Structures are given as C-alpha cells and as structure tokens.
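Student: Below you will find the structure I want to go over with you.
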Amino acid sequence: MTSTTANETQPNEALLRIRDLTVGFSGRNGVLPAVRGLSIEVSRGEVVGIVGESGSGKSLAMLASLGLQARNAVVGGSVVFKGQELVGRARKDLRGLRGSQISMIFQDPLSSLNPVMTVGDQIREALFLHNEGMTKQKATERVMELLRLVAIPQPDRRIGQYPHEFSGGMRQRVMIAMAIANNPELLVADEPTTALDVTVQAQIMLMLRDLKEKLGLALILITHDLGVVAGHADRVAVIYAGRVVEEADVHELFANPRHPYTRGLIASIPKLTVSEDKLYSIPGAPPMLGALPEGCAFHLRCAYAQDICRKVDPPTTSFGKHQSACHCADSLPPWREGKPSKILEGAGNG
Ligand code: SF4
C-alpha cells in the first residue's frame, strides 16, 4: 500500500481548515462518538461537496464547526477559519462570525423563516444584527438589491409579503438573500435543494454557483446526493460513520473511486442506460451511534473486506491529492461504471 502522506494543500490558501474534529454526545454510558476525527479544508472561491447517507455525521460536523452543536455535545479537534481557532470560542464570538463572515442555508426554508414577519423585515433583521447604526432606509435599499440578486421578481412588492405567499423555490431564494446579506466569505448549504422539486433544484443550484462567481464565495455543499456534487463541486469529501473515507477532485472521484463505499454511492445513482431490473443500493445500513463495529466501520457492508478490515480501522492513504481510508485502496479492481450490480457482489458476508 502507498505510504500515508500529508495533504498537499498550501497552508495559506485554506479559508477553513478542520483537523481531527470529534463530536460526541454524553449519556449514561459515556460519550457516544458521532464524528470521529474528520479533516477537511476549503480554499477561497472553492466549492467542496460533503456527501454521505443520513446519519453519517456530515451536517453535525459542520454545525459543530460553527458552534451550533447541542448542549450535551462534546467537541474536540481544531477548526480554523481565516487563522482563528473556533473550537472552544465563546458562543457570543461565534454568533458574531455566523451570519457575517460565515453563513448557512438550511434544507427547509419554510421552517427556517419566521411565518409572522415579512421577508423584508427578516432580511433587514439580519442586516441590523451585524451592522450597528445602519438606517432603515439603507437596510431597505440593501434588501431590494439582495432580492434582485437572487432573481425574485417585483422586489418592491415582494419585500412586504410573508413566507406563505412565496413558493418553495422562492422561499429558498429568500433564505439565500438573507445568508449573503452581510457579504460572507463562506456559505454552508445543508441539503439546500432536498425539499424542492427537480426543476427548481436545478435553478437554485445554478443560482448558488452564479453567486459564488459574482461574490467570490467559498461554498460547502452538504448533500446525500452525489448527482448534485457531480455538477457543482470542485472537490468532494465522502463521509461514512463520522469520518472522511474518501476525498478527491470531483472528476477524479467519479473516474476512479478508491473506496468501496464511494463506488456503492455512485452505483446507486439512477441511470437511464443501466439494463438491470432493480435500482442498485448498498446492502445493509449505516452503523448506530455507539455500536460501531471493530475495524473498518464499513466492513459489514463491504464485498472486499479482508481479515485486517475486521480488526483495524484503516488509516487515510494519499494518492497525490486523492485520499482514501481503505486497506484495499490500491488493490481494488478497476472501476467499471455501468456494472453496478457487480460492484459490491457478496457484500454483507464480512
Ligand atoms: Fe472494505 Fe476493508 Fe476497505 Fe473497509 S477497509 S472499505 S472493509 S476493503
């Protein structure tokens, strides 16, 4: 196996650097690990996709990085944003950072917006929170500018309307307007299109990409949908059971996946050209918190599991800028896209 080497990213290029992040929840039986030593870097202007099944820890890791974890969560490791360590910072300091330099967009705009405030007042509130002394007139001008930027028609009429008067796609545009109101440098979008229908999904993703170019934002795209990252991310980190199991440039990841879990995820994307009767799915289910199997957390679902996989959690191995946490990363059979049913044949026998 290729020897483990350090990531080649230049240290001064990273806008956000997460190193060995751990998140656990304290309970009666001690601390249950939900995020296990996760490391990711994001450079200025870059789009990084974070992909994994529900419960893999992808959203939790990002929320904890920004100080939005539950009160009983125990967070360890390091999260450095523009040279400042965020882990251990006072909640008050992190509140100042969020919404100004770092913003988030959540999955369901209807539950994120306040139903009894007009969208104009909600965006103005985000402006007043981070711009002391801003006049109401200046704030209103900025709200109008933002509504135009996110392509909401008739902003002078829409500014006085309530969330229920907007469609799902338009509500997500309002959320995006609010997120970019204070010119953040990093936007974290957590499943931003999951609650929307397919055509609106495409419009929102194109708009995010367009805003990223116009405003020079870095974007973290958290999703369970590899199809979304295929079209919009520069780099992808695949998360399984609370750690990054593979990371690569998006083209490299799809052309030459070096982790059986990533291969399974790619094979699970519905394709018009596949002739098999059944849609492919990865066998089994992700492990429960506090019940991780010994060794590689994926071994009960993996067709390539060896004896070592059942005993030793694989270290991360680098192949240039492509990284994989798999004992067999350099000995997997050639990737045969289009033959998904063969990829994990025999899985579950581990
Ligand atoms: Fe499969 Fe072993 Fe690689 Fe884990 S380490 S993904 S069990 S081959």
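Numbering starts fresh at 1 for the residues of each chain in the structure tokens, the chains themselves are lettered A, B, ... in the order given, and ligands are numbered from 1 as they appear.
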Using only C-alpha atoms and all ligand atoms, I'd like a table of the residues in chain A that come within 9 Å of ligand 1; for each, show the closest atom pair and its distance in Å rounded to one decimal, ordered by chain and ascending number, as a Markdown table.
Tutor:
```
| residue | atom | partner | partner_atom_place_in_ligand_line | distance |
| --- | --- | --- | --- | --- |
| A:Val245 | CA | ligand 1 | 6 (S) | 8.3 |
| A:Arg258 | CA | ligand 1 | 3 (Fe) | 8.8 |
| A:His259 | CA | ligand 1 | 6 (S) | 5.8 |
| A:Pro260 | CA | ligand 1 | 6 (S) | 5.2 |
| A:Tyr261 | CA | ligand 1 | 6 (S) | 6.4 |
| A:Gly295 | CA | ligand 1 | 4 (Fe) | 7.9 |
| A:Cys296 | CA | ligand 1 | 4 (Fe) | 4.7 |
| A:Ala297 | CA | ligand 1 | 4 (Fe) | 6.7 |
| A:Phe298 | CA | ligand 1 | 4 (Fe) | 5.1 |
| A:His299 | CA | ligand 1 | 7 (S) | 3.5 |
| A:Leu300 | CA | ligand 1 | 7 (S) | 7.1 |
| A:Arg301 | CA | ligand 1 | 7 (S) | 7.5 |
| A:Cys302 | CA | ligand 1 | 1 (Fe) | 4.7 |
| A:Ala303 | CA | ligand 1 | 1 (Fe) | 6.6 |
| A:Tyr304 | CA | ligand 1 | 8 (S) | 4.5 |
| A:Ala305 | CA | ligand 1 | 7 (S) | 4.0 |
| A:Gln306 | CA | ligand 1 | 2 (Fe) | 5.8 |
| A:Asp307 | CA | ligand 1 | 2 (Fe) | 8.3 |
| A:Ile308 | CA | ligand 1 | 2 (Fe) | 7.3 |
| A:Cys309 | CA | ligand 1 | 2 (Fe) | 4.3 |
| A:Arg310 | CA | ligand 1 | 7 (S) | 7.1 |
| A:Val312 | CA | ligand 1 | 5 (S) | 8.2 |
| A:Asp313 | CA | ligand 1 | 5 (S) | 7.1 |
| A:Pro314 | CA | ligand 1 | 5 (S) | 5.6 |
| A:Pro315 | CA | ligand 1 | 5 (S) | 8.9 |
| A:Ser324 | CA | ligand 1 | 3 (Fe) | 8.8 |
| A:Ala325 | CA | ligand 1 | 5 (S) | 6.8 |
| A:Cys326 | CA | ligand 1 | 3 (Fe) | 3.7 |
| A:His327 | CA | ligand 1 | 5 (S) | 4.3 |
| A:Cys328 | CA | ligand 1 | 8 (S) | 5.0 |
| A:Ala329 | CA | ligand 1 | 3 (Fe) | 6.6 |
| A:Leu332 | CA | ligand 1 | 8 (S) | 8.0 |
| A:Gly350 | CA | ligand 1 | 7 (S) | 7.8 |
```
Student: Would you save the residues of that selection, restricted to N, CA and C atoms, as a CSV table (one decimal), in the first residue's frame?
Tutor:
```
chain,number,residue,atom,x,y,z
A,245,VAL,N,-14.0,9.2,4.4
A,245,VAL,CA,-13.4,7.9,3.9
A,245,VAL,C,-12.8,8.1,2.5
A,258,ARG,N,-11.8,5.2,-5.1
A,258,ARG,CA,-10.9,4.3,-4.4
A,258,ARG,C,-11.4,3.8,-3.1
A,259,HIS,N,-12.7,4.0,-2.8
A,259,HIS,CA,-13.3,3.4,-1.6
A,259,HIS,C,-14.6,2.6,-2.0
A,260,PRO,N,-14.8,1.4,-1.5
A,260,PRO,CA,-16.0,0.7,-1.9
A,260,PRO,C,-17.3,1.4,-1.6
A,261,TYR,N,-17.3,2.2,-0.5
A,261,TYR,CA,-18.5,2.9,-0.2
A,261,TYR,C,-18.8,4.0,-1.3
A,295,GLY,N,-12.7,-2.4,13.8
A,295,GLY,CA,-12.0,-2.3,12.5
A,295,GLY,C,-12.7,-1.2,11.6
A,296,CYS,N,-12.8,-1.5,10.3
A,296,CYS,CA,-13.4,-0.6,9.4
A,296,CYS,C,-14.9,-0.5,9.6
A,297,ALA,N,-15.4,0.7,9.8
A,297,ALA,CA,-16.9,0.8,10.1
A,297,ALA,C,-17.7,0.3,9.0
A,298,PHE,N,-17.2,0.2,7.8
A,298,PHE,CA,-18.0,-0.2,6.6
A,298,PHE,C,-17.9,-1.8,6.3
A,299,HIS,N,-17.1,-2.5,7.1
A,299,HIS,CA,-16.8,-3.9,6.7
A,299,HIS,C,-18.0,-4.8,6.6
A,300,LEU,N,-19.0,-4.5,7.4
A,300,LEU,CA,-20.2,-5.4,7.4
A,300,LEU,C,-21.0,-5.3,6.0
A,301,ARG,N,-20.7,-4.2,5.3
A,301,ARG,CA,-21.4,-3.9,4.1
A,301,ARG,C,-20.5,-4.1,2.8
A,302,CYS,N,-19.3,-4.4,3.1
A,302,CYS,CA,-18.3,-4.3,2.0
A,302,CYS,C,-17.9,-5.7,1.4
A,303,ALA,N,-17.9,-5.8,0.1
A,303,ALA,CA,-17.6,-7.1,-0.6
A,303,ALA,C,-16.1,-7.4,-0.5
A,304,TYR,N,-15.3,-6.4,-0.3
A,304,TYR,CA,-13.8,-6.5,-0.3
A,304,TYR,C,-13.2,-6.7,1.0
A,305,ALA,N,-14.0,-6.9,2.1
A,305,ALA,CA,-13.5,-6.9,3.4
A,305,ALA,C,-12.5,-8.1,3.6
A,306,GLN,N,-11.4,-7.8,4.2
A,306,GLN,CA,-10.3,-8.8,4.5
A,306,GLN,C,-10.3,-9.0,6.0
A,307,ASP,N,-9.5,-9.9,6.5
A,307,ASP,CA,-9.3,-10.1,7.9
A,307,ASP,C,-8.9,-8.8,8.6
A,308,ILE,N,-8.0,-8.1,8.0
A,308,ILE,CA,-7.5,-6.8,8.7
A,308,ILE,C,-8.6,-5.8,8.8
A,309,CYS,N,-9.6,-5.8,7.9
A,309,CYS,CA,-10.7,-4.8,7.9
A,309,CYS,C,-11.5,-5.1,9.1
A,310,ARG,N,-11.6,-6.3,9.6
A,310,ARG,CA,-12.4,-6.6,10.8
A,310,ARG,C,-11.8,-6.2,12.1
A,312,VAL,N,-8.8,-3.7,12.2
A,312,VAL,CA,-8.0,-2.4,12.2
A,312,VAL,C,-8.8,-1.3,11.4
A,313,ASP,N,-9.1,-0.2,12.0
A,313,ASP,CA,-9.7,0.9,11.3
A,313,ASP,C,-8.7,1.5,10.3
A,314,PRO,N,-9.0,1.5,9.1
A,314,PRO,CA,-7.9,1.9,8.1
A,314,PRO,C,-7.5,3.3,8.2
A,315,PRO,N,-6.1,3.6,8.1
A,315,PRO,CA,-5.7,5.0,8.1
A,315,PRO,C,-6.0,5.6,6.7
A,324,SER,N,-7.9,8.1,0.4
A,324,SER,CA,-8.9,7.1,0.7
A,324,SER,C,-8.5,6.4,2.0
A,325,ALA,N,-9.6,6.1,2.9
A,325,ALA,CA,-9.4,5.4,4.1
A,325,ALA,C,-9.9,4.0,3.9
A,326,CYS,N,-9.1,3.2,3.2
A,326,CYS,CA,-9.5,1.8,2.9
A,326,CYS,C,-8.2,1.0,2.8
A,327,HIS,N,-8.2,-0.2,3.5
A,327,HIS,CA,-7.0,-1.0,3.4
A,327,HIS,C,-6.7,-1.5,2.0
A,328,CYS,N,-7.7,-1.5,1.2
A,328,CYS,CA,-7.5,-2.0,-0.2
A,328,CYS,C,-7.6,-0.9,-1.3
A,329,ALA,N,-7.3,0.3,-0.9
A,329,ALA,CA,-7.5,1.4,-1.8
A,329,ALA,C,-6.7,1.3,-3.1
A,332,LEU,N,-8.1,-2.4,-5.3
A,332,LEU,CA,-9.5,-2.6,-5.7
A,332,LEU,C,-9.5,-2.9,-7.2
A,350,GLY,N,-19.1,-10.1,5.2
A,350,GLY,CA,-18.0,-9.8,6.1
A,350,GLY,C,-18.4,-10.0,7.5
```
Student: With the cut-off set at 8 Å and counting only C-alpha atoms, tabulate each residue of segment 20-60 of chain A with an atom at most that distance from an atom of segment 68-80 of chain A, showing the nearest atom pair and its distance in Å to one decimal, ordered by chain and increasing number, as JSON lines.
Tutor:
```
{"residue": "A:Asp20", "atom": "CA", "partner": "A:Gly77", "partner_atom": "CA", "distance": 5.0}
{"residue": "A:Leu21", "atom": "CA", "partner": "A:Gly77", "partner_atom": "CA", "distance": 4.3}
{"residue": "A:Thr22", "atom": "CA", "partner": "A:Gly76", "partner_atom": "CA", "distance": 4.9}
{"residue": "A:Val23", "atom": "CA", "partner": "A:Val75", "partner_atom": "CA", "distance": 4.6}
{"residue": "A:Gly24", "atom": "CA", "partner": "A:Val74", "partner_atom": "CA", "distance": 5.1}
{"residue": "A:Phe25", "atom": "CA", "partner": "A:Ala73", "partner_atom": "CA", "distance": 4.6}
{"residue": "A:Ser26", "atom": "CA", "partner": "A:Asn72", "partner_atom": "CA", "distance": 6.0}
{"residue": "A:Val31", "atom": "CA", "partner": "A:Val74", "partner_atom": "CA", "distance": 8.0}
{"residue": "A:Gly37", "atom": "CA", "partner": "A:Gly77", "partner_atom": "CA", "distance": 7.4}
{"residue": "A:Leu60", "atom": "CA", "partner": "A:Gln69", "partner_atom": "CA", "distance": 7.3}
```
Student: Could you pull out the residues in segment 201-312 of chain A that DSSP calls strand (DSSP E) from the backbone, as a ChimeraX atom specification?
Tutor: /A:218-223,235-240,243-249
Student: Would you mind exporting the chosen residues as a short mmCIF file (atom, residue, chain, number, x, y, z; two decimals), in the first residue's frame, restricted to N, CA, C and O atoms?
Tutor:
```cif
data_model
loop_
_atom_site.label_atom_id
_atom_site.label_comp_id
_atom_site.auth_asym_id
_atom_site.auth_seq_id
_atom_site.Cartn_x
_atom_site.Cartn_y
_atom_site.Cartn_z
N ALA A 218 -16.64 31.05 -0.98
CA ALA A 218 -16.36 29.61 -0.93
C ALA A 218 -17.68 28.96 -0.51
O ALA A 218 -18.45 29.54 0.25
N LEU A 219 -17.94 27.76 -1.03
CA LEU A 219 -19.22 27.12 -0.77
C LEU A 219 -19.00 25.68 -0.31
O LEU A 219 -18.25 24.93 -0.94
N ILE A 220 -19.63 25.33 0.81
CA ILE A 220 -19.64 23.93 1.25
C ILE A 220 -21.05 23.40 1.00
O ILE A 220 -22.03 23.96 1.49
N LEU A 221 -21.13 22.36 0.21
CA LEU A 221 -22.41 21.81 -0.20
C LEU A 221 -22.59 20.47 0.49
O LEU A 221 -21.91 19.50 0.17
N ILE A 222 -23.48 20.43 1.49
CA ILE A 222 -23.70 19.18 2.23
C ILE A 222 -24.89 18.47 1.59
O ILE A 222 -25.97 19.07 1.47
N THR A 223 -24.72 17.24 1.19
CA THR A 223 -25.81 16.55 0.49
C THR A 223 -25.67 15.04 0.58
O THR A 223 -24.57 14.52 0.80
N ARG A 235 -14.41 19.81 -5.46
CA ARG A 235 -13.79 18.72 -4.70
C ARG A 235 -14.87 18.07 -3.84
O ARG A 235 -15.82 18.74 -3.44
N VAL A 236 -14.70 16.79 -3.56
CA VAL A 236 -15.73 16.06 -2.81
C VAL A 236 -15.09 15.29 -1.65
O VAL A 236 -14.05 14.65 -1.82
N ALA A 237 -15.73 15.37 -0.49
CA ALA A 237 -15.34 14.54 0.65
C ALA A 237 -16.52 13.61 0.93
O ALA A 237 -17.64 14.05 1.11
N VAL A 238 -16.25 12.31 0.95
CA VAL A 238 -17.30 11.32 1.23
C VAL A 238 -17.17 10.92 2.70
O VAL A 238 -16.09 10.55 3.15
N ILE A 239 -18.29 11.01 3.42
CA ILE A 239 -18.26 10.74 4.86
C ILE A 239 -19.04 9.47 5.16
O ILE A 239 -20.13 9.25 4.62
N TYR A 240 -18.45 8.62 5.98
CA TYR A 240 -19.15 7.42 6.45
C TYR A 240 -18.87 7.25 7.93
O TYR A 240 -17.71 7.31 8.36
N ARG A 243 -16.49 9.89 9.67
CA ARG A 243 -15.14 10.28 9.22
C ARG A 243 -15.10 10.36 7.70
O ARG A 243 -15.96 9.77 7.02
N VAL A 244 -14.13 11.09 7.17
CA VAL A 244 -13.98 11.18 5.72
C VAL A 244 -13.32 9.89 5.25
O VAL A 244 -12.22 9.55 5.69
N VAL A 245 -14.01 9.15 4.37
CA VAL A 245 -13.42 7.90 3.89
C VAL A 245 -12.79 8.07 2.51
O VAL A 245 -11.98 7.24 2.09
N GLU A 246 -13.18 9.13 1.79
CA GLU A 246 -12.51 9.40 0.51
C GLU A 246 -12.65 10.88 0.19
O GLU A 246 -13.67 11.50 0.48
N GLU A 247 -11.59 11.43 -0.40
CA GLU A 247 -11.63 12.84 -0.80
C GLU A 247 -10.82 13.01 -2.06
O GLU A 247 -9.71 12.47 -2.17
N ALA A 248 -11.37 13.73 -3.03
CA ALA A 248 -10.66 13.92 -4.31
C ALA A 248 -11.33 15.03 -5.09
O ALA A 248 -12.46 15.44 -4.79
N ASP A 249 -10.64 15.49 -6.12
CA ASP A 249 -11.21 16.37 -7.13
C ASP A 249 -12.44 15.65 -7.71
O ASP A 249 -12.43 14.42 -7.84
#
```
Student: Which distance in Å separates atom CA of Leu146 of chain A and atom CA of Glu191 of chain A, to one decimal?
Tutor: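 So the two atoms, atom CA of Leu146 of chain A and atom CA of Glu191 of chain A, lie 21.8 Å apart.
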Student: Determine, using only C-alpha atoms, which residues of segment 22-50 of chain A have any atom at most 10 Å from an atom of segment 174-187 of chain A, and tabulate each with its shortest atom pair and distance in Å to one decimal place, rows ordered by chain and then rising number, as a tab-separated table.
Tutor:
```
residue	atom	partner	partner_atom	distance
A:Val42	CA	A:Leu186	CA	9.0
A:Ser43	CA	A:Leu186	CA	9.5
A:Arg44	CA	A:Glu185	CA	7.7
A:Gly45	CA	A:Glu185	CA	8.4
A:Glu46	CA	A:Leu186	CA	9.4
A:Val47	CA	A:Leu187	CA	9.5
```
Student: Take the residues just selected and output them with N, CA and C atoms as a PDB file, in the first residue's frame.
Tutor:
```pdb
ATOM      1  N   VAL A  42     -11.098  24.001   3.032  1.00  0.00           N
ATOM      2  CA  VAL A  42     -11.827  24.723   1.978  1.00  0.00           C
ATOM      3  C   VAL A  42     -11.032  25.977   1.632  1.00  0.00           C
ATOM      4  N   SER A  43     -10.724  26.130   0.350  1.00  0.00           N
ATOM      5  CA  SER A  43      -9.987  27.315  -0.091  1.00  0.00           C
ATOM      6  C   SER A  43     -10.957  28.401  -0.539  1.00  0.00           C
ATOM      7  N   ARG A  44     -10.453  29.615  -0.648  1.00  0.00           N
ATOM      8  CA  ARG A  44     -11.293  30.728  -1.114  1.00  0.00           C
ATOM      9  C   ARG A  44     -11.823  30.437  -2.521  1.00  0.00           C
ATOM     10  N   GLY A  45     -13.098  30.685  -2.722  1.00  0.00           N
ATOM     11  CA  GLY A  45     -13.694  30.526  -4.051  1.00  0.00           C
ATOM     12  C   GLY A  45     -13.952  29.080  -4.452  1.00  0.00           C
ATOM     13  N   GLU A  46     -13.695  28.137  -3.554  1.00  0.00           N
ATOM     14  CA  GLU A  46     -13.835  26.720  -3.906  1.00  0.00           C
ATOM     15  C   GLU A  46     -15.228  26.205  -3.530  1.00  0.00           C
ATOM     16  N   VAL A  47     -15.721  25.196  -4.273  1.00  0.00           N
ATOM     17  CA  VAL A  47     -16.963  24.521  -3.881  1.00  0.00           C
ATOM     18  C   VAL A  47     -16.588  23.102  -3.440  1.00  0.00           C
TER      19      VAL A  47
END
```
Student: Give me the residues within 12 Å of segment 149-151 of chain A as a list of chain:residue names, counting only C-alpha atoms and dropping any in the same chain fewer than 5 places off.
Tutor: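 Counting only C-alpha atoms, the residues come to A:Arg142, A:Val143, A:Met144, A:Arg158, A:Gly169, A:Met170, A:Arg171, A:Gln172, A:Arg173, A:Val174, A:Met175, A:Ile176, A:Ala177, A:Met178, A:Ala179, A:Ile180, A:Ala181, A:Gln203, A:Ile204, A:Met205, A:Leu206, A:Met207, A:Leu208, A:Arg209, A:Asp210, A:Leu211, A:Lys212, A:Lys214, A:Leu215.
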Student: For Asp197 of chain A, list every protein, DNA or RNA residue within 10 Å, evaluated using only C-alpha atoms, and leave out those in the same chain fewer than 4 positions away; present the list as a short mmCIF file (atom, residue, chain, number, x, y, z; two decimals) with N, CA and C atoms, in the first residue's frame.
Tutor:
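In the end it all went to result.cif:
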```
data_model
loop_
_atom_site.label_atom_id
_atom_site.label_comp_id
_atom_site.auth_asym_id
_atom_site.auth_seq_id
_atom_site.Cartn_x
_atom_site.Cartn_y
_atom_site.Cartn_z
N GLY A 168 -41.96 27.30 -2.73
CA GLY A 168 -40.80 26.70 -2.07
C GLY A 168 -39.48 27.22 -2.63
N GLY A 169 -39.39 27.31 -3.95
CA GLY A 169 -38.16 27.80 -4.59
C GLY A 169 -37.89 29.25 -4.24
N THR A 193 -31.44 21.84 -1.62
CA THR A 193 -32.46 21.62 -2.64
C THR A 193 -33.32 20.39 -2.35
N GLN A 201 -34.78 22.68 -8.11
CA GLN A 201 -33.45 22.30 -7.60
C GLN A 201 -32.37 22.81 -8.53
N ALA A 202 -32.57 22.55 -9.82
CA ALA A 202 -31.54 22.95 -10.80
C ALA A 202 -31.38 24.47 -10.81
#
```
Student: Select from segment 55-293 of chain A everything DSSP, run on the backbone, classes as helix (DSSP H, G or I), then give the selection as a PyMOL selection string.
Tutor: chain A and resi 58-65+91-97+109-112+119-130+136-149+155-158+163-165+168-179+198-215+226-232+250-255+260-267
Student: Just give me the gap between atom CA of Phe81 of chain A and atom CA of Val228 of chain A in Å, one decimal is fine.
Tutor: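 That distance, rounded to one decimal, is 25.6 Å.
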Student: Which residue gives the smallest distance to Met62 of chain A among A:Arg148, A:Arg17, A:His232, A:His130, with only C-alpha atoms counted?
Tutor: A:Arg17
